[in-house]
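Only one structure is covered here, and it is reproduced in the block below.
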Amino acid sequence: MKKHLANIVTSSRIIGAIVLFFCKDITTFFLVIYVLCGFTDLIDGPIARKTNSTSTLGATLDTVGDVGTYLALTKILIKNKLVPLWIFVWILGAGILFGVCSFVSKKRFNKLYLPHTYIGKIFGGVVFVLPVAMKFFDGTIWMALICTIASIHVIELFIVQSKSNEAKDFVPSIFHINK
């Protein structure tokens, strides 16, 4: 059980993301589930490291949970016209490049290889606070910040996947590719 705890926590985020996808607006219910998803994202990695159960499966599940949560939030933002069209196009472009990164990893390492990086963690943090930030700051400016960080993140992923000698679950930055 202890060996699988991190994957169970991550899987609960995937279930939470599915629940979020069926929400129609940013309600209290949405925010509670969203915060729970964010909390599981914070603790699954440390649990995996503490129980010595880090794995490629766990890293992949983590990415699926993150992407699912982001897609649910993006769906609500677009459906309720809370962001302008150009931001949606930018997010779509970053998503396409993310898909290209997946293809590169499959081609080079014969497996899905989506390493976690510090920029990716910053991206996750900025996205996580988005629903709250939109209540206090101009949503368009906040979304432009998210799009910029997302773009840097997927470019970094592409470089890491193109230049790495091996598939690692965590690569701090492009300056640590083969260390």
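For the structure tokens, the naming scheme is as follows: chains receive sequential letters (A, B, ...) according to their order of presentation, residues are indexed from 1 within each chain, and ligands are indexed from 1 in presentation order.
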Closest contacts (stretch 75-161 of chain A/stretch 48-59 of chain A, max 12 Å, only C-alpha atoms) as CSV:
residue,atom,partner,partner_atom,distance
A:Lys111,CA,A:Thr56,CA,9.6
A:Leu112,CA,A:Thr56,CA,8.8
A:Tyr113,CA,A:Thr56,CA,7.9
A:Leu114,CA,A:Ala59,CA,7.7
A:Pro115,CA,A:Ala59,CA,7.6
A:His116,CA,A:Ala59,CA,7.9
A:Thr117,CA,A:Ala59,CA,11.6
Please produce a file of the residues just selected, as a PDB file, in the first residue's frame, where the atoms kept are N, CA and C atoms.
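selection10.pdb, written as the output of this step:
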ATOM      1  N   LYS A 111       9.178   5.833 -25.470  1.00  0.00           N
ATOM      2  CA  LYS A 111       8.207   5.924 -24.378  1.00  0.00           C
ATOM      3  C   LYS A 111       7.809   7.391 -24.199  1.00  0.00           C
ATOM      4  N   LEU A 112       6.696   7.583 -23.541  1.00  0.00           N
ATOM      5  CA  LEU A 112       6.255   8.934 -23.228  1.00  0.00           C
ATOM      6  C   LEU A 112       7.152   9.467 -22.123  1.00  0.00           C
ATOM      7  N   TYR A 113       7.817  10.558 -22.407  1.00  0.00           N
ATOM      8  CA  TYR A 113       8.805  11.125 -21.499  1.00  0.00           C
ATOM      9  C   TYR A 113       8.508  12.609 -21.348  1.00  0.00           C
ATOM     10  N   LEU A 114       7.869  12.976 -20.273  1.00  0.00           N
ATOM     11  CA  LEU A 114       7.528  14.373 -20.015  1.00  0.00           C
ATOM     12  C   LEU A 114       8.135  14.769 -18.672  1.00  0.00           C
ATOM     13  N   PRO A 115       9.408  15.179 -18.698  1.00  0.00           N
ATOM     14  CA  PRO A 115      10.087  15.475 -17.434  1.00  0.00           C
ATOM     15  C   PRO A 115       9.511  16.703 -16.738  1.00  0.00           C
ATOM     16  N   HIS A 116       9.583  16.660 -15.436  1.00  0.00           N
ATOM     17  CA  HIS A 116       9.186  17.818 -14.648  1.00  0.00           C
ATOM     18  C   HIS A 116      10.387  18.745 -14.524  1.00  0.00           C
ATOM     19  N   THR A 117      10.133  20.053 -14.597  1.00  0.00           N
ATOM     20  CA  THR A 117      11.188  21.056 -14.508  1.00  0.00           C
ATOM     21  C   THR A 117      10.740  22.146 -13.544  1.00  0.00           C
TER      22      THR A 117
END
Among stretch 76-145 of chain A, which ones does DSSP assign to alpha helix (DSSP H) (computed from the backbone)? Answer as an NGL selection string.
:A and (76-79 or 85-109 or 118-128 or 130-136 or 139-145)
Go through A:Val32, A:Ala72, A:Ile47, A:Val64 one by one, measure the shortest atom-to-atom distance of each to A:Leu20 using only C-alpha atoms, and give the residue with the smallest value.
A:Ala72
Any idea what's packed within 8 Å of stretch 130-133 of chain A, counting only C-alpha atoms, ignoring anything in its chain fewer than 5 positions away? Could you give it as a PyMOL selection string?
chain A and resi 26+31+139+142-143
What's the 8 Å shell around A:Ile18, counting only C-alpha atoms, without same-chain residues fewer than 3 positions away, as JSON, numbers by chain?
{"A": [14, 15, 21, 22, 68, 69, 72]}
Using N, CA and C atoms, can you write the selected residues to a file as a PDB file, in the first residue's frame?
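Final output, saved to result_7.pdb:
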ATOM      1  N   ILE A  14      -6.702  13.032 -10.845  1.00  0.00           N
ATOM      2  CA  ILE A  14      -7.284  12.760 -12.163  1.00  0.00           C
ATOM      3  C   ILE A  14      -8.802  12.659 -12.045  1.00  0.00           C
ATOM      4  N   ILE A  15      -9.276  11.986 -11.011  1.00  0.00           N
ATOM      5  CA  ILE A  15     -10.732  11.898 -10.777  1.00  0.00           C
ATOM      6  C   ILE A  15     -11.294  13.292 -10.503  1.00  0.00           C
ATOM      7  N   PHE A  21     -14.265  18.974 -14.923  1.00  0.00           N
ATOM      8  CA  PHE A  21     -14.618  19.138 -16.334  1.00  0.00           C
ATOM      9  C   PHE A  21     -16.126  19.254 -16.526  1.00  0.00           C
ATOM     10  N   PHE A  22     -16.903  18.688 -15.619  1.00  0.00           N
ATOM     11  CA  PHE A  22     -18.366  18.753 -15.734  1.00  0.00           C
ATOM     12  C   PHE A  22     -18.960  19.983 -15.052  1.00  0.00           C
ATOM     13  N   GLY A  68      -5.345  17.458 -17.144  1.00  0.00           N
ATOM     14  CA  GLY A  68      -6.802  17.350 -16.954  1.00  0.00           C
ATOM     15  C   GLY A  68      -7.369  18.519 -16.168  1.00  0.00           C
ATOM     16  N   THR A  69      -6.666  18.911 -15.109  1.00  0.00           N
ATOM     17  CA  THR A  69      -7.104  20.053 -14.303  1.00  0.00           C
ATOM     18  C   THR A  69      -7.061  21.334 -15.123  1.00  0.00           C
ATOM     19  N   ALA A  72      -9.925  21.403 -17.677  1.00  0.00           N
ATOM     20  CA  ALA A  72     -11.217  21.712 -17.045  1.00  0.00           C
ATOM     21  C   ALA A  72     -11.333  23.206 -16.781  1.00  0.00           C
TER      22      ALA A  72
END
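In this structure, atom CA of A:Glu166 sits 23.1 Å away from atom CA of A:Asn7.
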Atom CA of A:Ser173 to atom CA of A:Glu156: how many Å, to one decimal?
7.4 Å
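With distances taken over only C-alpha atoms, A:Gly45 is the one residue among A:Gly45, A:Thr27, A:Ile33, A:Lys3 lying closest to A:Thr63.
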